[in-house]
$ cat run_26.txt   # compact mmCIF, C-alpha atoms
# COMPACT_ATOMS: atom_id res chain seq x y z
CA MET A 1 9.88 -9.18 -1.66
CA GLN A 2 11.97 -6.25 -2.93
CA LYS A 3 11.35 -7.32 -6.54
CA GLN A 4 7.63 -7.67 -5.83
CA LEU A 5 7.45 -4.19 -4.29
CA TYR A 6 9.34 -2.77 -7.27
CA ARG A 7 6.89 -4.38 -9.71
CA ILE A 8 3.92 -3.03 -7.72
CA GLY A 9 5.40 0.48 -7.75
CA ALA A 10 6.21 0.34 -11.45
CA GLY A 11 2.75 -1.03 -12.24
CA TYR A 12 0.99 1.72 -10.30
CA SER A 13 3.11 4.40 -12.00
CA GLY A 14 2.25 2.90 -15.39
CA GLU A 15 -1.47 2.88 -14.60
CA CYS A 16 -1.39 6.56 -13.60
CA ASN A 17 0.46 7.39 -16.79
CA VAL A 18 -2.08 5.53 -18.93
CA ASP A 19 -4.96 7.25 -17.13
CA SER A 20 -3.63 10.60 -18.39
CA TYR A 21 -3.99 9.38 -22.00
CA ILE A 22 -7.52 8.16 -21.33
CA GLU A 23 -8.41 11.63 -20.06
CA ARG A 24 -7.31 13.12 -23.40
CA THR A 25 -9.91 11.08 -25.28
CA GLN A 26 -13.09 12.74 -26.52
CA PHE A 27 -15.83 10.59 -25.01
CA PRO A 28 -19.60 10.72 -25.54
CA GLN A 29 -21.48 12.96 -23.16
CA VAL A 30 -22.34 10.11 -20.81
CA MET A 31 -19.46 7.89 -19.71
CA LYS A 32 -18.00 6.56 -16.47
CA ILE A 33 -14.38 5.68 -15.73
CA PHE A 34 -13.44 3.51 -12.74
CA THR A 35 -9.87 2.73 -11.67
CA ASP A 36 -8.56 -0.08 -9.45
CA VAL A 37 -11.91 -1.88 -9.31
CA HIS A 38 -12.30 -4.75 -6.83
CA LEU A 39 -15.54 -6.74 -7.12
CA CYS A 40 -16.76 -9.93 -5.48
CA ASN A 41 -18.54 -12.84 -7.20
CA SER A 42 -18.59 -15.02 -4.06
CA PRO A 43 -17.61 -14.61 -0.40
CA LYS A 44 -14.12 -15.98 -1.08
CA PHE A 45 -13.47 -14.69 -4.60
CA THR A 46 -12.61 -11.10 -5.54
CA PHE A 47 -11.32 -9.95 -8.92
CA GLN A 48 -9.45 -6.75 -9.75
CA ILE A 49 -9.62 -4.53 -12.84
CA ASP A 50 -7.07 -1.77 -13.51
CA THR A 51 -9.44 0.52 -15.44
CA LEU A 52 -13.10 0.07 -16.39
CA ILE A 53 -14.77 2.40 -18.91
CA ILE A 54 -18.55 2.41 -19.36
CA THR A 55 -20.26 4.28 -22.20
CA GLU A 56 -23.49 3.87 -24.16
CA ARG A 57 -21.65 1.79 -26.77
CA TYR A 58 -19.21 -0.37 -24.84
CA VAL A 59 -17.98 -1.60 -21.48
CA LEU A 60 -14.19 -1.87 -21.69
CA ILE A 61 -11.68 -3.52 -19.34
CA ILE A 62 -8.17 -2.06 -19.65
CA GLU A 63 -5.20 -3.93 -18.22
CA VAL A 64 -1.97 -1.94 -17.97
CA LYS A 65 1.46 -3.59 -18.02
CA THR A 66 4.77 -1.85 -17.40
CA LEU A 67 7.39 -4.08 -19.03
CA LYS A 68 10.87 -3.35 -20.29
CA ASP A 69 13.06 -4.82 -23.04
CA SER A 70 11.29 -7.61 -24.99
CA VAL A 71 8.26 -9.79 -24.25
CA ARG A 72 7.07 -12.91 -26.04
CA PHE A 73 3.54 -14.32 -25.83
CA ILE A 74 3.43 -18.11 -25.46
CA PRO A 75 -0.08 -19.49 -26.26
CA ASN A 76 0.06 -22.98 -24.76
CA PRO A 77 0.04 -22.94 -21.82
CA PRO A 78 -0.64 -19.18 -21.76
CA HIS A 79 2.25 -17.21 -20.29
CA LEU A 80 4.57 -14.32 -21.04
CA VAL A 81 8.36 -14.50 -21.31
CA GLN A 82 10.23 -11.27 -20.65
CA VAL A 83 13.68 -11.22 -22.27
CA LEU A 84 15.98 -8.70 -20.60
CA GLU A 85 18.95 -6.95 -22.21
CA THR A 86 21.22 -9.18 -20.13
CA GLY A 87 19.78 -12.21 -21.88
CA ASP A 88 17.97 -13.40 -18.74
CA GLU A 89 14.39 -14.56 -19.13
CA VAL A 90 11.55 -14.02 -16.67
CA VAL A 91 8.30 -16.01 -16.88
CA LEU A 92 5.18 -13.94 -16.12
CA ASP A 93 1.44 -14.59 -16.04
CA CYS A 94 -0.23 -14.05 -19.39
CA PRO A 95 -1.99 -10.62 -19.33
CA VAL A 96 -4.32 -11.62 -22.16
CA TYR A 97 -5.52 -14.64 -20.17
CA GLN A 98 -5.90 -12.34 -17.14
CA ILE A 99 -8.10 -9.94 -19.12
CA GLU A 100 -10.21 -12.75 -20.55
CA SER A 101 -10.74 -14.07 -17.02
CA ASN A 102 -11.73 -10.60 -15.83
CA LYS A 103 -14.14 -10.24 -18.74
CA SER A 104 -15.78 -13.52 -17.77
CA ASN A 105 -15.88 -12.51 -14.10
CA LEU A 106 -17.38 -9.10 -14.88
CA ASP A 107 -19.95 -10.61 -17.27
CA GLU A 108 -21.01 -12.98 -14.46
CA TRP A 109 -21.13 -10.11 -11.94
CA LEU A 110 -23.38 -8.15 -14.31
CA ARG A 111 -25.57 -11.17 -15.12
CA ARG A 112 -26.31 -11.73 -11.44
CA ARG A 113 -27.63 -8.17 -11.32
CA GLY A 114 -29.87 -8.55 -14.35
CA ILE A 115 -27.54 -6.86 -16.84
CA HIS A 116 -26.78 -9.06 -19.85
CA LEU A 117 -23.96 -7.82 -22.07
CA LYS A 118 -20.50 -8.82 -23.19
CA THR A 119 -17.55 -6.70 -22.12
CA LEU A 120 -14.48 -5.84 -24.20
CA GLY A 121 -10.83 -6.12 -23.21
CA LEU A 122 -7.69 -4.14 -24.05
CA LEU A 123 -4.04 -4.60 -23.07
CA VAL A 124 -2.04 -1.37 -22.85
CA LEU A 125 1.76 -1.31 -22.67
CA ALA A 126 2.85 1.66 -20.56
CA ASN A 127 6.47 1.52 -21.75
CA PRO A 128 6.71 2.71 -25.39
CA ASN A 129 10.08 0.95 -25.78
CA THR A 130 8.76 -2.52 -25.03
CA LYS A 131 9.35 -4.84 -27.99
CA VAL A 132 6.55 -7.38 -28.44
CA ILE A 133 7.13 -10.74 -30.13
CA ASP A 134 4.50 -13.27 -31.26
CA THR A 135 1.48 -11.19 -30.29
CA PRO A 136 -1.95 -12.89 -30.30
CA ASN A 137 -3.82 -12.15 -33.51
CA ASP A 138 -7.26 -12.09 -31.91
CA PHE A 139 -6.66 -9.68 -29.01
CA PRO A 140 -5.96 -5.92 -29.07
CA ILE A 141 -2.58 -4.87 -27.66
CA ILE A 142 -1.54 -1.22 -27.99
CA TYR A 143 0.94 1.30 -26.61
CA LYS A 144 -0.34 4.04 -24.30
CA LYS A 145 -0.10 6.80 -26.94
CA GLN A 146 -2.52 4.88 -29.15
CA ILE A 147 -5.31 4.90 -26.53
CA PRO A 148 -7.24 7.97 -27.77
CA PHE A 149 -7.32 6.67 -31.37
CA TYR A 150 -8.39 3.18 -30.26
CA LEU A 151 -11.20 4.48 -28.05
CA GLN A 152 -12.41 6.80 -30.78
CA LYS A 153 -12.83 3.79 -33.09
CA LEU A 154 -15.07 2.07 -30.55
CA ARG A 155 -17.57 4.96 -30.74
CA SER A 156 -18.86 3.59 -34.04
CA ALA A 157 -20.28 0.51 -32.32
CA GLU A 158 -24.03 0.20 -31.78
CA ARG A 159 -25.62 1.53 -28.61
CA ILE A 160 -25.92 -1.15 -25.89
CA LEU A 161 -26.73 0.88 -22.77
CA THR A 162 -29.17 3.69 -22.09
CA ILE A 163 -28.16 6.71 -20.04
CA GLY A 164 -30.33 5.44 -17.20
CA LYS A 165 -28.63 2.01 -17.32
CA ILE A 166 -25.18 3.63 -17.19
CA GLU A 167 -26.16 5.56 -14.06
CA GLU A 168 -27.65 2.42 -12.50
CA LEU A 169 -24.51 0.42 -13.25
CA SER A 170 -22.31 3.19 -11.88
CA GLU A 171 -24.22 3.23 -8.59
CA LEU A 172 -23.93 -0.58 -8.34
CA LEU A 173 -20.17 -0.44 -8.85
CA HIS A 174 -19.73 2.25 -6.22
CA ALA A 175 -21.92 0.36 -3.74
CA GLU A 176 -20.21 -3.02 -4.19
CA GLN A 177 -16.61 -1.91 -4.55
CA GLN A 178 -14.52 -4.13 -2.27
CA GLN A 179 -11.80 -2.59 -0.12
CA PHE A 180 -8.51 -4.23 -1.05
CA ASN A 181 -6.74 -5.58 2.05
CA PRO A 182 -3.55 -7.64 1.68
CA PHE A 183 -3.15 -8.11 5.44
CA PRO A 184 -1.91 -10.31 6.96
CA LEU A 185 1.04 -10.19 4.60
CA CYS A 186 2.32 -13.69 5.40
CA SER A 187 -0.85 -15.19 3.93
CA TYR A 188 -0.91 -12.81 0.98
CA TYR A 189 2.73 -13.50 0.01
CA HIS A 190 2.78 -17.16 1.15
CA ILE A 191 5.45 -16.62 3.80
CA GLN A 192 5.75 -18.97 6.76
CA PRO A 193 5.44 -17.00 10.04
CA GLU A 194 8.21 -19.22 11.46
CA ASP A 195 10.63 -17.55 9.03
CA LEU A 196 10.09 -14.09 10.54
CA ARG A 197 12.63 -12.57 12.89
CA LYS A 198 11.34 -12.42 16.45
CA GLY A 199 11.85 -10.01 19.30
CA LEU A 200 11.74 -6.23 19.54
CA LEU A 201 13.30 -4.77 16.40
CA CYS A 202 14.64 -1.33 15.57
CA SER A 203 12.37 0.56 13.16
CA ASN A 204 15.43 2.21 11.60
CA CYS A 205 17.88 -0.65 10.87
CA HIS A 206 15.87 -3.69 12.08
CA GLY A 207 18.51 -4.66 14.64
CA GLN A 208 17.57 -6.15 18.02
CA LEU A 209 16.60 -3.58 20.64
CA GLN A 210 18.21 -3.51 24.08
CA GLN A 211 16.51 -2.21 27.23
CA LYS A 212 18.35 0.70 28.85
CA ASN A 213 15.86 1.21 31.68
CA ARG A 214 12.19 0.57 32.34
CA GLU A 215 10.98 3.09 29.77
CA THR A 216 13.84 3.37 27.29
CA TRP A 217 15.02 0.98 24.58
CA TYR A 218 17.84 1.53 22.12
CA CYS A 219 19.48 -0.21 19.20
CA GLN A 220 23.11 -1.22 19.65
CA ARG A 221 23.65 -1.19 15.88
CA CYS A 222 22.48 2.34 15.02
CA SER A 223 21.96 3.86 18.52
CA LYS A 224 18.37 4.90 17.70
CA LYS A 225 16.01 5.03 20.70
CA ALA A 226 12.61 3.33 20.69
CA GLU A 227 9.70 4.77 22.65
CA ASP A 228 7.07 2.05 22.32
CA PRO A 229 8.63 -1.19 21.00
CA TYR A 230 5.96 -3.46 22.48
CA ASN A 231 3.10 -1.85 20.58
CA ASP A 232 5.27 -1.65 17.45
CA GLY A 233 5.85 -5.40 17.73
CA ILE A 234 2.15 -6.10 18.24
CA ARG A 235 1.31 -3.92 15.22
CA ASP A 236 3.80 -5.93 13.16
CA TRP A 237 2.10 -9.17 14.23
CA PHE A 238 -1.30 -7.99 13.02
CA LYS A 239 0.11 -6.74 9.72
CA LEU A 240 2.21 -9.85 9.13
CA VAL A 241 0.73 -12.94 10.81
CA LYS A 242 -2.99 -12.84 11.68
CA ASN A 243 -5.82 -10.68 13.03
CA SER A 244 -5.77 -11.97 16.60
CA MET A 245 -3.13 -12.64 19.26
CA THR A 246 -2.95 -14.88 22.32
CA SER A 247 -0.70 -14.41 25.33
CA ARG A 248 1.44 -17.35 24.20
CA GLU A 249 1.80 -15.90 20.70
CA CYS A 250 2.75 -12.52 22.15
CA ARG A 251 5.41 -14.09 24.36
CA SER A 252 6.91 -16.06 21.46
CA PHE A 253 6.78 -13.30 18.83
CA LEU A 254 8.27 -10.59 21.08
CA ASN A 255 10.72 -12.96 22.83
CA LEU A 256 9.36 -12.13 26.29
CA LYS A 257 10.68 -13.78 29.46
CA ASP A 258 7.37 -15.30 30.62
CA GLY A 259 3.59 -15.36 30.29
CA ASN A 260 3.12 -12.66 32.92
CA ALA A 261 5.08 -10.19 30.81
CA ALA A 262 2.93 -11.04 27.78
CA TYR A 263 -0.29 -10.62 29.79
CA TYR A 264 0.87 -7.24 31.12
CA ILE A 265 1.77 -5.93 27.66
CA LEU A 266 -1.50 -7.12 26.09
CA SER A 267 -3.62 -5.70 28.92
CA LYS A 268 -1.92 -2.29 28.54
CA SER A 269 -2.37 -2.25 24.76
CA THR A 270 -5.32 -0.91 22.76
CA LEU A 271 -6.34 -4.45 21.82
CA ILE A 272 -9.76 -5.79 22.72
CA LYS A 273 -9.85 -8.96 24.84
CA GLN A 274 -12.15 -11.81 23.78
CA GLY A 275 -12.84 -14.97 25.81
CA LYS A 276 -11.67 -15.93 29.28
CA PHE A 277 -8.79 -17.74 30.95
CA LYS A 278 -6.74 -20.02 28.66
CA SER A 279 -9.09 -19.46 25.71
CA ALA A 280 -8.62 -15.67 25.80
CA PHE A 281 -7.29 -13.84 22.76
CA TYR A 282 -6.97 -10.24 21.64
CA ILE A 283 -8.24 -8.50 18.51
CA ALA A 284 -7.41 -5.08 17.12
CA ASP A 285 -9.29 -2.07 15.99
CA SER A 286 -9.16 -2.05 12.15
CA ARG A 287 -6.90 1.00 12.31
CA ILE A 288 -4.00 -1.04 13.68
CA ASN A 289 -3.64 -2.86 10.35
CA ARG A 290 -3.14 0.30 8.33
CA PRO A 291 0.39 0.81 7.06
CA ARG A 292 2.31 3.58 8.79
$ encode --input "run_26.txt" --output "C-alpha cells"
Amino acid sequence: MQKQLYRIGAGYSGECNVDSYIERTQFPQVMKIFTDVHLCNSPKFTFQIDTLIITERYVLIIEVKTLKDSVRFIPNPPHLVQVLETGDEVVLDCPVYQIESNKSNLDEWLRRRGIHLKTLGLLVLANPNTKVIDTPNDFPIIYKKQIPFYLQKLRSAERILTIGKIEELSELLHAEQQQFNPFPLCSYYHIQPEDLRKGLLCSNCHGQLQQKNRETWYCQRCSKKAEDPYNDGIRDWFKLVKNSMTSRECRSFLNLKDGNAAYYILSKSTLIKQGKFKSAFYIADSRINRPR
C-alpha cells in the first residue's frame, strides 16, 4: 500500500509538471484542455485519461509516466520492465497499450454521441533522466520538454472539427465527467476485510484505545486522547469495507461487548436507518466517505 501511494503521488506530481509544458505551447485560437478525465461507456465501465487536448485539427490523449532509471518495452505480451540502479526489475502495465485502449474507448464514447473521428495518442515521460530501451517504432514517446515542439507539428494536420463542434464536445465532456470514487478501499485494492485490524484504534499511532471513563478514551502506546472513537471507527468502515453497516457488523468491526452496544452507537450516529428489525441496516450521507 505504501508503494502504491508513493506511485500515485509521484504520478500526480509528474502530471502537474507536464501540464506546465503544455501551457507553454502556442495553440490555435480555439482549443480545450481537460485533465484527469473520467468517462463512462457502460454502467460498470469507466476509463480515465490523464490529459485530453481538443483543437480544430486533432483530439489528443496524453498519458504521463513518472519512471526512474531504465525502462524496456516488451511487445508480446505488452508490458514494461523497469530496471532499477540496484539491478532489481519491476514489471509494469504497458503504457502504450493503455493509451491505445483509451483511444478505442474515447472513439466509442464519441461515436455513441454522433461524433465520428479518430483520436491520437502520446506518451510523455515526466522524468528527463529515464533511459528508454526497445521503444515501439509506431508510437510517439517523448520527454516533457519536447511537448511544445511536438504539439506545434500537429498544427499542420487538416482541420477535422469546426469551432461549433469543439464547443459542443467540450460541453458534453463537462456534463458527463464521472466523479472518481475509490471507496470502499478494500474493493478498490483487492484487500480482504477479514485482514483489517478491528476495534477502536488510535488516529495517531494506530494502537488499541482504552476507555478511561464514559466519555474519555486514550491510547496506552502514545497517550493520545480520543474524543469520538466510535464515529471514527464507523467512518473507517465506510471508507474501507462497504457503504452500509448492520448492527452485527458494527459489533464485530469495533469489538463491542454485545448487540445492545452496537445498536446504541448506531442510533446515536449520523447514519440513516433503513429497514426494520433483523433486516435493518444503516447508510451514510455521502460526506462520510470523504477523506479527512
$ residues_around --input "run_26.txt" --residues "A:Met31" --least-positions-apart "2" --cutoff "10 Å" --atoms "all atoms listed in the file" --output "list in words"
Phe27, Pro28, Gln29, Ile33, Ile53, Ile54, Thr55, Glu56, Arg57, Tyr58, Val59, Ile163, Ile166, Glu167 and Ser170 of chain A
$ write_last_selection --input "run_26.txt" --atoms "C-alpha atoms" --output "PDB file, keeping the file's coordinate frame"
ATOM      1  CA  PHE A  27     -15.830  10.590 -25.010  1.00  0.00           C
ATOM      2  CA  PRO A  28     -19.600  10.720 -25.540  1.00  0.00           C
ATOM      3  CA  GLN A  29     -21.480  12.960 -23.160  1.00  0.00           C
ATOM      4  CA  ILE A  33     -14.380   5.680 -15.730  1.00  0.00           C
ATOM      5  CA  ILE A  53     -14.770   2.400 -18.910  1.00  0.00           C
ATOM      6  CA  ILE A  54     -18.550   2.410 -19.360  1.00  0.00           C
ATOM      7  CA  THR A  55     -20.260   4.280 -22.200  1.00  0.00           C
ATOM      8  CA  GLU A  56     -23.490   3.870 -24.160  1.00  0.00           C
ATOM      9  CA  ARG A  57     -21.650   1.790 -26.770  1.00  0.00           C
ATOM     10  CA  TYR A  58     -19.210  -0.370 -24.840  1.00  0.00           C
ATOM     11  CA  VAL A  59     -17.980  -1.600 -21.480  1.00  0.00           C
ATOM     12  CA  ILE A 163     -28.160   6.710 -20.040  1.00  0.00           C
ATOM     13  CA  ILE A 166     -25.180   3.630 -17.190  1.00  0.00           C
ATOM     14  CA  GLU A 167     -26.160   5.560 -14.060  1.00  0.00           C
ATOM     15  CA  SER A 170     -22.310   3.190 -11.880  1.00  0.00           C
TER      16      SER A 170
END
$ atom_distance --input "run_26.txt" --atom1 "atom CA of A:Gln177" --atom2 "atom CA of A:Pro78"
29.1 Å
$ residues_around --input "run_26.txt" --residues "A:Ile234" --least-positions-apart "4" --cutoff "8 Å" --atoms "all atoms listed in the file" --output "VMD selection string"
chain A and resid 230 238 250
$ write_last_selection --input "run_26.txt" --atoms "C-alpha atoms" --output "tab-separated table (two decimals), keeping the file's coordinate frame"
chain	number	residue	atom	x	y	z
A	230	TYR	CA	5.96	-3.46	22.48
A	238	PHE	CA	-1.30	-7.99	13.02
A	250	CYS	CA	2.75	-12.52	22.15
$ closest_residue --input "run_26.txt" --among "A:Ile61, A:Leu84, A:Leu110, A:Leu151" --to "A:Leu122" --atoms "all atoms listed in the file"
A:Ile61
$ residues_around --input "run_26.txt" --residues "A:Ile22" --least-positions-apart "2" --cutoff "9 Å" --atoms "all atoms listed in the file" --output "ChimeraX atom specification"
/A:18-20,24-26,144,147-148,151
$ axis_aligned_box --input "run_26.txt" --around "stretch 148-153 of chain A" --padding-each-side "5 Å" --output "lines of an AutoDock Vina configuration file"
center_x = -10.0
center_y = 5.6
center_z = -30.4
size_x = 15.6
size_y = 14.8
size_z = 15.3
$ residues_around --input "run_26.txt" --residues "A:Thr86" --least-positions-apart "2" --cutoff "12 Å" --atoms "all atoms listed in the file" --output "JSON, numbers by chain"
{"A": [68, 69, 70, 82, 83, 84, 88, 89, 90]}
$ closest_residue --input "run_26.txt" --among "A:Pro140, A:Pro128, A:Gly259, A:Gly87" --to "A:Glu100" --atoms "all atoms listed in the file"
A:Pro140
$ closest_residue --input "run_26.txt" --among "A:Leu123, A:Ile265, A:Ala284, A:Cys40" --to "A:Ile99" --atoms "only C-alpha atoms"
A:Leu123
$ atom_distance --input "run_26.txt" --atom1 "atom CA of A:Asn260" --atom2 "atom CA of A:Asn231"
16.4 Å
$ closest_residue --input "run_26.txt" --among "A:Asn213, A:Thr35, A:Ser252, A:Asn137" --to "A:Thr51" --atoms "only C-alpha atoms"
A:Thr35
$ closest_residue --input "run_26.txt" --among "A:Leu173, A:Ala261, A:Cys222, A:Ile160" --to "A:Lys118" --atoms "all atoms listed in the file"
A:Ile160
$ closest_residue --input "run_26.txt" --among "A:Met245, A:Leu266, A:Leu172, A:Leu120" --to "A:Phe281" --atoms "all atoms listed in the file"
A:Met245
